[in-house]
Amino acid sequence: MGRTWVLLRGLVREQRHWEDFPEQFQASVPQDRVVTVDLPGNGHFCEEKSPTRIAAMVVHLRNQLTAQGHQGPYHLVALSLGAMVAVQWLCQAPREVAFAGLINTSASRYSPFWRRLRPANYRRLLSDAVFSRNRVRKETAILEITSNLREPAFLHQLAETWAEYAREQPVSLRNSLRQLLAAMRFRAPAALPESVPVLIINGAGDRLVSPACSLALSQAWDLPIKCHPQAGHDLPLDAPQWLINTLIEGVTDFTV
């Protein structure tokens with residue numbers, strides 16, 4: 001068997017929110033294994049309490065993968081909060097990580113809060129995505145903020161699907177806030193282990209997290225960055241094949 005790719009989603013998202021991206025990815029790397037997991041408090045673990053520290057999320061994921069019979073080193077593909085988890089993971093247990101692709105993420109050490117969560121979204125996120133009891137309205141708000149390259153009809157249908165995910169495996173308001181606290185208090189390291197290849201990836205059209213945050217990480221850690229010119233925060237949804245190609249090329253570049 002080839003590489004094991006582990007896909008990590010972000011704040012209050014679960015593995016089903018990848019939609020068909022894992023299948024597309026698997027088709028592009030038939031010799032490898034593509035694995036999806038859930039952060040504690042989300043998806044299969046929605047009844048668990050979300051940790052307020054990123055380090056505890058790493059421990060949960062490592063145990064989860066071991067229980068599923070997987071073993072590192074892993075190739076991490078991580079979005080937003082998931083990418084913070086990936087950074088902590090490669091610092092905490094670098095021998096378990098063979099590669100990390102960090103997508104549309106940020107860190108308080110290098111970016112102010114108003115870039116990490118752009119102010120234009122505050123009102124709608126609170127009214128429609130956090131405190132609203134209407135699941136379709138909530139998911140519609142999230143999709144309209146995080147996706148740029150999908151048709152409105154597609155997003156409406158997807159919002160209904162995601163609302164069903166929320167009905168089946170709801171993330172509590174308490175866990176939502178605990179995950180947000182973990183993201184806000186996460187302080188990235190001044191340097192990453194040199195033994196682990198890392199690629200920064202972002203969408204220039206990200207309206208949730210400023211693209212400047214990815215650029216700041218790239219400059220601080222002296223890492224390569226790949227940018228999609230139009231994609232939004234949910235880059236796997238907006239440009240799945242571009243992202244897959246970028247990841248595969250990134251791994252190849254590091255091994256040449």
# chains A, B, ... in the order shown; residues from 1 in each chain; ligands from 1
call {"tool": "select_by_dssp", "arguments": {"residues": "stretch 24-176 of chain A", "states": "strand (DSSP E)", "output": "VMD selection string"}}
result
chain A and resid 33 to 36 74 to 79 97 to 103
call {"tool": "residues_around", "arguments": {"residues": "A:Cys91", "least_positions_apart": "3", "cutoff": "12 Å", "atoms": "only C-alpha atoms", "output": "PyMOL selection string"}}
result
chain A and resi 54-55+58+84-88+94-97+100+188-196+198
call {"tool": "write_last_selection", "arguments": {"atoms": "N, CA, C and O atoms", "output": "short mmCIF file (atom, residue, chain, number, x, y, z; two decimals), in the first residue's frame"}}
result
data_model
loop_
_atom_site.label_atom_id
_atom_site.label_comp_id
_atom_site.auth_asym_id
_atom_site.auth_seq_id
_atom_site.Cartn_x
_atom_site.Cartn_y
_atom_site.Cartn_z
N ILE A 54 -6.17 22.72 21.10
CA ILE A 54 -5.88 21.99 19.87
C ILE A 54 -5.11 20.70 20.16
O ILE A 54 -5.34 19.68 19.51
N ALA A 55 -4.22 20.74 21.14
CA ALA A 55 -3.40 19.57 21.46
C ALA A 55 -4.27 18.36 21.82
O ALA A 55 -3.95 17.22 21.47
N VAL A 58 -5.61 16.65 18.78
CA VAL A 58 -4.60 15.81 18.15
C VAL A 58 -4.59 14.43 18.79
O VAL A 58 -4.56 13.40 18.10
N MET A 84 -4.94 23.91 11.81
CA MET A 84 -4.32 24.21 13.10
C MET A 84 -4.00 22.90 13.84
O MET A 84 -2.94 22.77 14.45
N VAL A 85 -4.93 21.97 13.74
CA VAL A 85 -4.70 20.65 14.34
C VAL A 85 -3.50 19.98 13.69
O VAL A 85 -2.66 19.38 14.36
N ALA A 86 -3.40 20.09 12.36
CA ALA A 86 -2.27 19.48 11.64
C ALA A 86 -0.95 20.08 12.08
O ALA A 86 0.05 19.37 12.25
N VAL A 87 -0.91 21.40 12.26
CA VAL A 87 0.32 22.07 12.71
C VAL A 87 0.71 21.56 14.09
O VAL A 87 1.89 21.24 14.34
N GLN A 88 -0.26 21.47 14.98
CA GLN A 88 0.03 20.96 16.32
C GLN A 88 0.51 19.52 16.27
O GLN A 88 1.43 19.12 16.99
N PRO A 94 6.16 14.64 15.16
CA PRO A 94 6.60 14.82 13.76
C PRO A 94 6.86 13.53 13.01
O PRO A 94 6.72 13.49 11.78
N ARG A 95 7.22 12.47 13.72
CA ARG A 95 7.48 11.21 13.02
C ARG A 95 6.20 10.57 12.48
O ARG A 95 6.27 9.68 11.64
N GLU A 96 5.05 11.03 12.95
CA GLU A 96 3.78 10.50 12.47
C GLU A 96 3.26 11.24 11.24
O GLU A 96 2.25 10.85 10.66
N VAL A 97 3.93 12.31 10.86
CA VAL A 97 3.47 13.13 9.73
C VAL A 97 4.52 13.13 8.63
O VAL A 97 5.67 13.50 8.85
N ALA A 100 2.15 17.72 5.11
CA ALA A 100 0.95 18.45 5.52
C ALA A 100 0.60 19.51 4.49
O ALA A 100 1.45 20.34 4.13
N ALA A 188 0.47 29.39 17.05
CA ALA A 188 1.36 28.59 16.21
C ALA A 188 2.80 28.74 16.66
O ALA A 188 3.19 29.77 17.22
N PRO A 189 3.63 27.74 16.40
CA PRO A 189 5.04 27.82 16.78
C PRO A 189 5.80 28.80 15.91
O PRO A 189 5.37 29.15 14.81
N ALA A 190 6.94 29.25 16.41
CA ALA A 190 7.78 30.17 15.63
C ALA A 190 8.41 29.47 14.44
O ALA A 190 8.74 30.11 13.44
N ALA A 191 8.56 28.14 14.54
CA ALA A 191 9.14 27.36 13.44
C ALA A 191 8.53 25.97 13.45
O ALA A 191 8.07 25.49 14.49
N LEU A 192 8.52 25.33 12.30
CA LEU A 192 8.02 23.96 12.18
C LEU A 192 9.20 23.00 12.06
O LEU A 192 10.29 23.39 11.63
N PRO A 193 8.99 21.73 12.42
CA PRO A 193 10.07 20.75 12.26
C PRO A 193 10.54 20.69 10.80
O PRO A 193 9.72 20.54 9.89
N GLU A 194 11.80 20.80 10.58
CA GLU A 194 12.33 20.80 9.22
C GLU A 194 12.19 19.44 8.54
O GLU A 194 12.29 19.34 7.32
N SER A 195 11.94 18.40 9.32
CA SER A 195 11.86 17.05 8.77
C SER A 195 10.54 16.79 8.04
O SER A 195 10.42 15.80 7.32
N VAL A 196 9.55 17.66 8.22
CA VAL A 196 8.23 17.42 7.64
C VAL A 196 7.95 18.42 6.52
O VAL A 196 7.90 19.63 6.76
N VAL A 198 5.86 20.75 4.24
CA VAL A 198 4.57 21.43 4.45
C VAL A 198 4.32 22.36 3.27
O VAL A 198 5.21 23.09 2.83
#
call {"tool": "closest_residue", "arguments": {"among": "A:Asp32, A:Glu48, A:Glu14, A:Glu19", "to": "A:Asn175", "atoms": "only C-alpha atoms"}}
result
A:Glu48
call {"tool": "residues_around", "arguments": {"residues": "stretch 211-224 of chain A", "least_positions_apart": "3", "cutoff": "7 Å", "atoms": "only C-alpha atoms", "output": "mmCIF file with all heavy atoms, in the first residue's frame"}}
result
data_model
loop_
_atom_site.group_PDB
_atom_site.id
_atom_site.type_symbol
_atom_site.label_atom_id
_atom_site.label_comp_id
_atom_site.auth_asym_id
_atom_site.auth_seq_id
_atom_site.Cartn_x
_atom_site.Cartn_y
_atom_site.Cartn_z
ATOM 1 N N ASN A 104 -6.232 27.381 3.751
ATOM 2 C CA ASN A 104 -7.011 28.519 4.265
ATOM 3 C C ASN A 104 -7.050 28.575 5.789
ATOM 4 O O ASN A 104 -8.119 28.604 6.407
ATOM 5 C CB ASN A 104 -8.441 28.475 3.712
ATOM 6 C CG ASN A 104 -8.501 28.878 2.248
ATOM 7 O OD1 ASN A 104 -7.642 29.608 1.750
ATOM 8 N ND2 ASN A 104 -9.499 28.389 1.543
ATOM 9 N N THR A 105 -5.878 28.604 6.395
ATOM 10 C CA THR A 105 -5.822 28.617 7.849
ATOM 11 C C THR A 105 -5.134 29.882 8.343
ATOM 12 O O THR A 105 -4.738 30.757 7.559
ATOM 13 C CB THR A 105 -5.124 27.353 8.387
ATOM 14 O OG1 THR A 105 -5.381 27.227 9.789
ATOM 15 C CG2 THR A 105 -3.625 27.382 8.122
ATOM 16 N N SER A 106 -4.993 29.992 9.674
ATOM 17 C CA SER A 106 -4.421 31.195 10.271
ATOM 18 C C SER A 106 -3.898 30.858 11.660
ATOM 19 O O SER A 106 -4.154 29.770 12.186
ATOM 20 C CB SER A 106 -5.492 32.290 10.382
ATOM 21 O OG SER A 106 -6.529 31.880 11.274
ATOM 22 N N TYR A 110 0.702 35.272 13.999
ATOM 23 C CA TYR A 110 1.065 35.942 12.756
ATOM 24 C C TYR A 110 -0.036 36.805 12.140
ATOM 25 O O TYR A 110 0.240 37.564 11.213
ATOM 26 C CB TYR A 110 1.520 34.901 11.733
ATOM 27 C CG TYR A 110 2.686 34.088 12.221
ATOM 28 C CD1 TYR A 110 2.542 32.735 12.525
ATOM 29 C CD2 TYR A 110 3.928 34.671 12.415
ATOM 30 C CE1 TYR A 110 3.621 31.985 12.988
ATOM 31 C CE2 TYR A 110 5.010 33.929 12.882
ATOM 32 C CZ TYR A 110 4.840 32.586 13.166
ATOM 33 O OH TYR A 110 5.902 31.848 13.630
ATOM 34 N N SER A 111 -1.281 36.671 12.631
ATOM 35 C CA SER A 111 -2.374 37.448 12.035
ATOM 36 C C SER A 111 -3.329 37.941 13.117
ATOM 37 O O SER A 111 -3.656 37.184 14.034
ATOM 38 C CB SER A 111 -3.165 36.580 11.034
ATOM 39 O OG SER A 111 -2.345 36.152 9.969
ATOM 40 N N ARG A 115 -8.356 39.601 10.764
ATOM 41 C CA ARG A 115 -8.010 38.913 9.518
ATOM 42 C C ARG A 115 -8.356 37.429 9.609
ATOM 43 O O ARG A 115 -8.698 36.804 8.603
ATOM 44 C CB ARG A 115 -6.521 39.074 9.203
ATOM 45 C CG ARG A 115 -6.171 40.437 8.622
ATOM 46 C CD ARG A 115 -4.717 40.518 8.221
ATOM 47 N NE ARG A 115 -4.415 41.793 7.567
ATOM 48 C CZ ARG A 115 -3.187 42.226 7.323
ATOM 49 N NH1 ARG A 115 -2.136 41.478 7.665
ATOM 50 N NH2 ARG A 115 -3.001 43.389 6.739
ATOM 51 N N ARG A 116 -8.264 36.882 10.802
ATOM 52 C CA ARG A 116 -8.556 35.460 10.987
ATOM 53 C C ARG A 116 -10.052 35.171 10.843
ATOM 54 O O ARG A 116 -10.434 34.055 10.488
ATOM 55 C CB ARG A 116 -8.050 34.999 12.352
ATOM 56 C CG ARG A 116 -6.552 35.206 12.551
ATOM 57 C CD ARG A 116 -6.084 34.635 13.868
ATOM 58 N NE ARG A 116 -6.120 33.178 13.833
ATOM 59 C CZ ARG A 116 -6.233 32.430 14.923
ATOM 60 N NH1 ARG A 116 -6.351 32.988 16.118
ATOM 61 N NH2 ARG A 116 -6.256 31.122 14.809
ATOM 62 N N ALA A 191 8.562 28.145 14.536
ATOM 63 C CA ALA A 191 9.144 27.363 13.441
ATOM 64 C C ALA A 191 8.531 25.972 13.451
ATOM 65 O O ALA A 191 8.075 25.486 14.492
ATOM 66 C CB ALA A 191 10.660 27.276 13.590
ATOM 67 N N LEU A 192 8.521 25.333 12.298
ATOM 68 C CA LEU A 192 8.023 23.964 12.179
ATOM 69 C C LEU A 192 9.201 23.001 12.059
ATOM 70 O O LEU A 192 10.289 23.394 11.630
ATOM 71 C CB LEU A 192 7.131 23.828 10.940
ATOM 72 C CG LEU A 192 5.864 24.681 10.897
ATOM 73 C CD1 LEU A 192 5.081 24.374 9.625
ATOM 74 C CD2 LEU A 192 4.992 24.439 12.121
ATOM 75 N N VAL A 198 5.856 20.745 4.243
ATOM 76 C CA VAL A 198 4.574 21.430 4.452
ATOM 77 C C VAL A 198 4.315 22.362 3.274
ATOM 78 O O VAL A 198 5.205 23.089 2.830
ATOM 79 C CB VAL A 198 4.576 22.231 5.772
ATOM 80 C CG1 VAL A 198 3.264 22.988 5.938
ATOM 81 C CG2 VAL A 198 4.818 21.310 6.962
ATOM 82 N N LEU A 199 3.070 22.352 2.801
ATOM 83 C CA LEU A 199 2.648 23.222 1.705
ATOM 84 C C LEU A 199 1.459 24.056 2.179
ATOM 85 O O LEU A 199 0.487 23.522 2.698
ATOM 86 C CB LEU A 199 2.249 22.394 0.483
ATOM 87 C CG LEU A 199 1.697 23.153 -0.736
ATOM 88 C CD1 LEU A 199 2.762 24.072 -1.324
ATOM 89 C CD2 LEU A 199 1.199 22.162 -1.794
ATOM 90 N N ILE A 200 1.545 25.375 2.004
ATOM 91 C CA ILE A 200 0.435 26.268 2.309
ATOM 92 C C ILE A 200 -0.418 26.427 1.046
ATOM 93 O O ILE A 200 0.109 26.656 -0.047
ATOM 94 C CB ILE A 200 0.935 27.656 2.765
ATOM 95 C CG1 ILE A 200 1.902 27.526 3.950
ATOM 96 C CG2 ILE A 200 -0.237 28.564 3.107
ATOM 97 C CD1 ILE A 200 1.274 27.077 5.226
ATOM 98 N N ASN A 202 -4.172 28.217 -0.464
ATOM 99 C CA ASN A 202 -5.318 29.066 -0.139
ATOM 100 C C ASN A 202 -6.075 29.492 -1.389
ATOM 101 O O ASN A 202 -5.632 29.292 -2.512
ATOM 102 C CB ASN A 202 -4.881 30.296 0.681
ATOM 103 C CG ASN A 202 -4.177 31.355 -0.147
ATOM 104 O OD1 ASN A 202 -3.615 31.070 -1.200
ATOM 105 N ND2 ASN A 202 -4.199 32.582 0.320
ATOM 106 N N GLY A 203 -7.258 30.048 -1.123
ATOM 107 C CA GLY A 203 -8.072 30.610 -2.178
ATOM 108 C C GLY A 203 -8.032 32.124 -2.074
ATOM 109 O O GLY A 203 -8.308 32.684 -1.012
ATOM 110 N N ALA A 204 -7.707 32.794 -3.164
ATOM 111 C CA ALA A 204 -7.606 34.258 -3.142
ATOM 112 C C ALA A 204 -8.958 34.913 -2.895
ATOM 113 O O ALA A 204 -9.015 36.073 -2.495
ATOM 114 C CB ALA A 204 -7.015 34.752 -4.456
ATOM 115 N N ASP A 206 -11.158 33.910 -0.610
ATOM 116 C CA ASP A 206 -11.648 33.551 0.731
ATOM 117 C C ASP A 206 -12.244 34.781 1.411
ATOM 118 O O ASP A 206 -11.542 35.745 1.697
ATOM 119 C CB ASP A 206 -10.499 32.981 1.567
ATOM 120 C CG ASP A 206 -10.971 32.347 2.873
ATOM 121 O OD1 ASP A 206 -12.099 32.649 3.326
ATOM 122 O OD2 ASP A 206 -10.205 31.553 3.444
#
call {"tool": "residues_around", "arguments": {"residues": "A:Pro152", "least_positions_apart": "5", "cutoff": "12 Å", "atoms": "only C-alpha atoms", "output": "VMD selection string"}}
result
chain A and resid 140 to 141 143 to 144 147 157 to 159
call {"tool": "residues_around", "arguments": {"residues": "A:Leu11", "least_positions_apart": "2", "cutoff": "8 Å", "atoms": "only C-alpha atoms", "output": "ChimeraX atom specification"}}
result
/A:9,13,80-82,176,179-180
call {"tool": "residues_around", "arguments": {"residues": "A:Ala56", "least_positions_apart": "2", "cutoff": "12 Å", "atoms": "only C-alpha atoms", "output": "PDB file with N, CA, C and O atoms, in the first residue's frame"}}
result
ATOM      1  N   LEU A  39     -13.380  15.488  14.218  1.00  0.00           N
ATOM      2  CA  LEU A  39     -12.888  16.086  15.454  1.00  0.00           C
ATOM      3  C   LEU A  39     -13.876  15.795  16.578  1.00  0.00           C
ATOM      4  O   LEU A  39     -15.082  15.649  16.328  1.00  0.00           O
ATOM      5  N   PRO A  40     -13.412  15.692  17.816  1.00  0.00           N
ATOM      6  CA  PRO A  40     -14.328  15.450  18.937  1.00  0.00           C
ATOM      7  C   PRO A  40     -15.353  16.568  19.058  1.00  0.00           C
ATOM      8  O   PRO A  40     -15.019  17.740  18.979  1.00  0.00           O
ATOM      9  N   LYS A  49     -17.606  16.042  24.387  1.00  0.00           N
ATOM     10  CA  LYS A  49     -17.284  17.442  24.626  1.00  0.00           C
ATOM     11  C   LYS A  49     -16.069  17.826  23.788  1.00  0.00           C
ATOM     12  O   LYS A  49     -15.046  17.151  23.811  1.00  0.00           O
ATOM     13  N   SER A  50     -16.194  18.925  23.032  1.00  0.00           N
ATOM     14  CA  SER A  50     -15.064  19.400  22.237  1.00  0.00           C
ATOM     15  C   SER A  50     -13.985  19.971  23.151  1.00  0.00           C
ATOM     16  O   SER A  50     -14.293  20.771  24.041  1.00  0.00           O
ATOM     17  N   PRO A  51     -12.734  19.605  22.958  1.00  0.00           N
ATOM     18  CA  PRO A  51     -11.652  20.203  23.750  1.00  0.00           C
ATOM     19  C   PRO A  51     -11.512  21.690  23.429  1.00  0.00           C
ATOM     20  O   PRO A  51     -11.838  22.125  22.317  1.00  0.00           O
ATOM     21  N   THR A  52     -11.018  22.439  24.371  1.00  0.00           N
ATOM     22  CA  THR A  52     -10.748  23.856  24.129  1.00  0.00           C
ATOM     23  C   THR A  52      -9.265  24.076  23.835  1.00  0.00           C
ATOM     24  O   THR A  52      -8.817  25.218  23.777  1.00  0.00           O
ATOM     25  N   ARG A  53      -8.532  22.982  23.665  1.00  0.00           N
ATOM     26  CA  ARG A  53      -7.125  23.051  23.289  1.00  0.00           C
ATOM     27  C   ARG A  53      -6.898  22.180  22.059  1.00  0.00           C
ATOM     28  O   ARG A  53      -7.361  21.038  21.989  1.00  0.00           O
ATOM     29  N   ILE A  54      -6.172  22.721  21.097  1.00  0.00           N
ATOM     30  CA  ILE A  54      -5.884  21.989  19.865  1.00  0.00           C
ATOM     31  C   ILE A  54      -5.115  20.703  20.157  1.00  0.00           C
ATOM     32  O   ILE A  54      -5.337  19.676  19.512  1.00  0.00           O
ATOM     33  N   VAL A  58      -5.612  16.654  18.781  1.00  0.00           N
ATOM     34  CA  VAL A  58      -4.597  15.805  18.146  1.00  0.00           C
ATOM     35  C   VAL A  58      -4.587  14.430  18.789  1.00  0.00           C
ATOM     36  O   VAL A  58      -4.556  13.402  18.098  1.00  0.00           O
ATOM     37  N   VAL A  59      -4.615  14.399  20.096  1.00  0.00           N
ATOM     38  CA  VAL A  59      -4.618  13.114  20.817  1.00  0.00           C
ATOM     39  C   VAL A  59      -5.829  12.281  20.399  1.00  0.00           C
ATOM     40  O   VAL A  59      -5.714  11.073  20.133  1.00  0.00           O
ATOM     41  N   HIS A  60      -6.989  12.917  20.314  1.00  0.00           N
ATOM     42  CA  HIS A  60      -8.217  12.212  19.924  1.00  0.00           C
ATOM     43  C   HIS A  60      -8.082  11.626  18.520  1.00  0.00           C
ATOM     44  O   HIS A  60      -8.438  10.460  18.282  1.00  0.00           O
ATOM     45  N   LEU A  61      -7.554  12.402  17.585  1.00  0.00           N
ATOM     46  CA  LEU A  61      -7.414  11.926  16.208  1.00  0.00           C
ATOM     47  C   LEU A  61      -6.411  10.787  16.094  1.00  0.00           C
ATOM     48  O   LEU A  61      -6.636   9.818  15.356  1.00  0.00           O
ATOM     49  N   ARG A  62      -5.318  10.896  16.809  1.00  0.00           N
ATOM     50  CA  ARG A  62      -4.315   9.824  16.777  1.00  0.00           C
ATOM     51  C   ARG A  62      -4.908   8.523  17.297  1.00  0.00           C
ATOM     52  O   ARG A  62      -4.697   7.442  16.710  1.00  0.00           O
ATOM     53  N   ASN A  63      -5.664   8.607  18.388  1.00  0.00           N
ATOM     54  CA  ASN A  63      -6.312   7.417  18.944  1.00  0.00           C
ATOM     55  C   ASN A  63      -7.370   6.870  17.993  1.00  0.00           C
ATOM     56  O   ASN A  63      -7.534   5.647  17.851  1.00  0.00           O
ATOM     57  N   VAL A  85      -4.930  21.970  13.741  1.00  0.00           N
ATOM     58  CA  VAL A  85      -4.704  20.649  14.339  1.00  0.00           C
ATOM     59  C   VAL A  85      -3.504  19.978  13.688  1.00  0.00           C
ATOM     60  O   VAL A  85      -2.661  19.378  14.356  1.00  0.00           O
ATOM     61  N   GLN A  88      -0.258  21.472  14.977  1.00  0.00           N
ATOM     62  CA  GLN A  88       0.030  20.958  16.323  1.00  0.00           C
ATOM     63  C   GLN A  88       0.513  19.517  16.266  1.00  0.00           C
ATOM     64  O   GLN A  88       1.430  19.120  16.985  1.00  0.00           O
ATOM     65  N   TRP A  89      -0.078  18.736  15.387  1.00  0.00           N
ATOM     66  CA  TRP A  89       0.256  17.317  15.238  1.00  0.00           C
ATOM     67  C   TRP A  89       1.709  17.169  14.790  1.00  0.00           C
ATOM     68  O   TRP A  89       2.472  16.376  15.357  1.00  0.00           O
ATOM     69  N   GLN A  92       3.888  18.036  17.645  1.00  0.00           N
ATOM     70  CA  GLN A  92       3.724  17.133  18.786  1.00  0.00           C
ATOM     71  C   GLN A  92       4.307  15.753  18.492  1.00  0.00           C
ATOM     72  O   GLN A  92       4.879  15.113  19.382  1.00  0.00           O
ATOM     73  N   GLN A 179     -14.986  24.925  20.283  1.00  0.00           N
ATOM     74  CA  GLN A 179     -14.080  24.807  19.133  1.00  0.00           C
ATOM     75  C   GLN A 179     -13.577  26.179  18.687  1.00  0.00           C
ATOM     76  O   GLN A 179     -12.402  26.331  18.329  1.00  0.00           O
ATOM     77  N   ALA A 182     -10.891  27.171  21.041  1.00  0.00           N
ATOM     78  CA  ALA A 182      -9.639  26.457  20.744  1.00  0.00           C
ATOM     79  C   ALA A 182      -8.918  27.111  19.566  1.00  0.00           C
ATOM     80  O   ALA A 182      -7.687  27.276  19.590  1.00  0.00           O
ATOM     81  N   PHE A 186      -5.257  29.193  19.853  1.00  0.00           N
ATOM     82  CA  PHE A 186      -4.139  28.451  19.271  1.00  0.00           C
ATOM     83  C   PHE A 186      -3.024  29.412  18.871  1.00  0.00           C
ATOM     84  O   PHE A 186      -3.241  30.367  18.132  1.00  0.00           O
TER      85      PHE A 186
END
call {"tool": "closest_residue", "arguments": {"among": "A:Ser108, A:Thr146, A:Gln169, A:Thr161", "to": "A:Leu125", "atoms": "only C-alpha atoms"}}
result
A:Thr146
call {"tool": "atom_distance", "arguments": {"atom1": "atom CA of A:Leu237", "atom2": "atom CA of A:Thr66"}}
result
28.3 Å
call {"tool": "select_by_dssp", "arguments": {"residues": "stretch 45-80 of chain A", "states": "helix (DSSP H, G or I)", "output": "list in words"}}
result
Phe45, Ile54, Ala55, Ala56, Met57, Val58, Val59, His60, Leu61, Arg62, Asn63, Gln64, Leu65, Thr66 and Ala67 of chain A
call {"tool": "closest_residue", "arguments": {"among": "A:Met57, A:Ala67, A:Val12, A:Ile142", "to": "A:Leu126", "atoms": "only C-alpha atoms"}}
result
A:Ile142
call {"tool": "atom_distance", "arguments": {"atom1": "atom CA of A:Glu47", "atom2": "atom CA of A:Arg167"}}
result
13.0 Å
call {"tool": "residues_around", "arguments": {"residues": "A:Val136", "least_positions_apart": "2", "cutoff": "8 Å", "atoms": "only C-alpha atoms", "output": "ChimeraX atom specification"}}
result
/A:134,138-140,159-160,162-163
call {"tool": "atom_distance", "arguments": {"atom1": "atom CA of A:Ala98", "atom2": "atom CA of A:Leu8"}}
result
15.1 Å
call {"tool": "closest_residue", "arguments": {"among": "A:Gly205, A:His156, A:Pro22, A:Ile103", "to": "A:Lys226", "atoms": "only C-alpha atoms"}}
result
A:Ile103
call {"tool": "closest_atom_pairs", "arguments": {"of": "stretch 128-208 of chain A", "to": "stretch 118-123 of chain A", "cutoff": "9 Å", "atoms": "only C-alpha atoms", "output": "tab-separated table"}}
result
residue	atom	partner	partner_atom	distance
A:Asp128	CA	A:Arg123	CA	8.3
A:Ile145	CA	A:Asn121	CA	7.7
A:Arg207	CA	A:Arg118	CA	7.1
A:Leu208	CA	A:Arg118	CA	5.6
call {"tool": "decode", "arguments": {"residues": "stretch 210-215 of chain A", "atoms": "all heavy atoms", "output": "PDB file, in the first residue's frame"}}
result
ATOM      1  N   SER A 210      -8.993  35.984   5.829  1.00  0.00           N
ATOM      2  CA  SER A 210      -8.219  36.739   4.847  1.00  0.00           C
ATOM      3  C   SER A 210      -7.101  35.893   4.251  1.00  0.00           C
ATOM      4  O   SER A 210      -6.362  35.219   4.986  1.00  0.00           O
ATOM      5  CB  SER A 210      -7.609  37.982   5.498  1.00  0.00           C
ATOM      6  OG  SER A 210      -6.705  38.602   4.607  1.00  0.00           O
ATOM      7  N   PRO A 211      -6.938  35.909   2.923  1.00  0.00           N
ATOM      8  CA  PRO A 211      -5.819  35.203   2.293  1.00  0.00           C
ATOM      9  C   PRO A 211      -4.464  35.665   2.816  1.00  0.00           C
ATOM     10  O   PRO A 211      -3.474  34.941   2.707  1.00  0.00           O
ATOM     11  CB  PRO A 211      -5.986  35.538   0.806  1.00  0.00           C
ATOM     12  CG  PRO A 211      -7.440  35.836   0.639  1.00  0.00           C
ATOM     13  CD  PRO A 211      -7.844  36.513   1.917  1.00  0.00           C
ATOM     14  N   ALA A 212      -4.428  36.849   3.401  1.00  0.00           N
ATOM     15  CA  ALA A 212      -3.176  37.358   3.978  1.00  0.00           C
ATOM     16  C   ALA A 212      -2.679  36.467   5.114  1.00  0.00           C
ATOM     17  O   ALA A 212      -1.470  36.447   5.393  1.00  0.00           O
ATOM     18  CB  ALA A 212      -3.368  38.789   4.482  1.00  0.00           C
ATOM     19  N   CYS A 213      -3.584  35.735   5.740  1.00  0.00           N
ATOM     20  CA  CYS A 213      -3.180  34.846   6.842  1.00  0.00           C
ATOM     21  C   CYS A 213      -2.308  33.705   6.334  1.00  0.00           C
ATOM     22  O   CYS A 213      -1.307  33.353   6.961  1.00  0.00           O
ATOM     23  CB  CYS A 213      -4.420  34.294   7.553  1.00  0.00           C
ATOM     24  SG  CYS A 213      -5.416  35.540   8.402  1.00  0.00           S
ATOM     25  N   SER A 214      -2.680  33.131   5.214  1.00  0.00           N
ATOM     26  CA  SER A 214      -1.863  32.061   4.623  1.00  0.00           C
ATOM     27  C   SER A 214      -0.515  32.602   4.174  1.00  0.00           C
ATOM     28  O   SER A 214       0.530  31.955   4.355  1.00  0.00           O
ATOM     29  CB  SER A 214      -2.584  31.429   3.426  1.00  0.00           C
ATOM     30  OG  SER A 214      -3.679  30.643   3.842  1.00  0.00           O
ATOM     31  N   LEU A 215      -0.521  33.786   3.584  1.00  0.00           N
ATOM     32  CA  LEU A 215       0.722  34.401   3.137  1.00  0.00           C
ATOM     33  C   LEU A 215       1.647  34.666   4.324  1.00  0.00           C
ATOM     34  O   LEU A 215       2.863  34.440   4.235  1.00  0.00           O
ATOM     35  CB  LEU A 215       0.429  35.701   2.394  1.00  0.00           C
ATOM     36  CG  LEU A 215       1.634  36.444   1.820  1.00  0.00           C
ATOM     37  CD1 LEU A 215       2.373  35.568   0.814  1.00  0.00           C
ATOM     38  CD2 LEU A 215       1.198  37.748   1.164  1.00  0.00           C
TER      39      LEU A 215
END
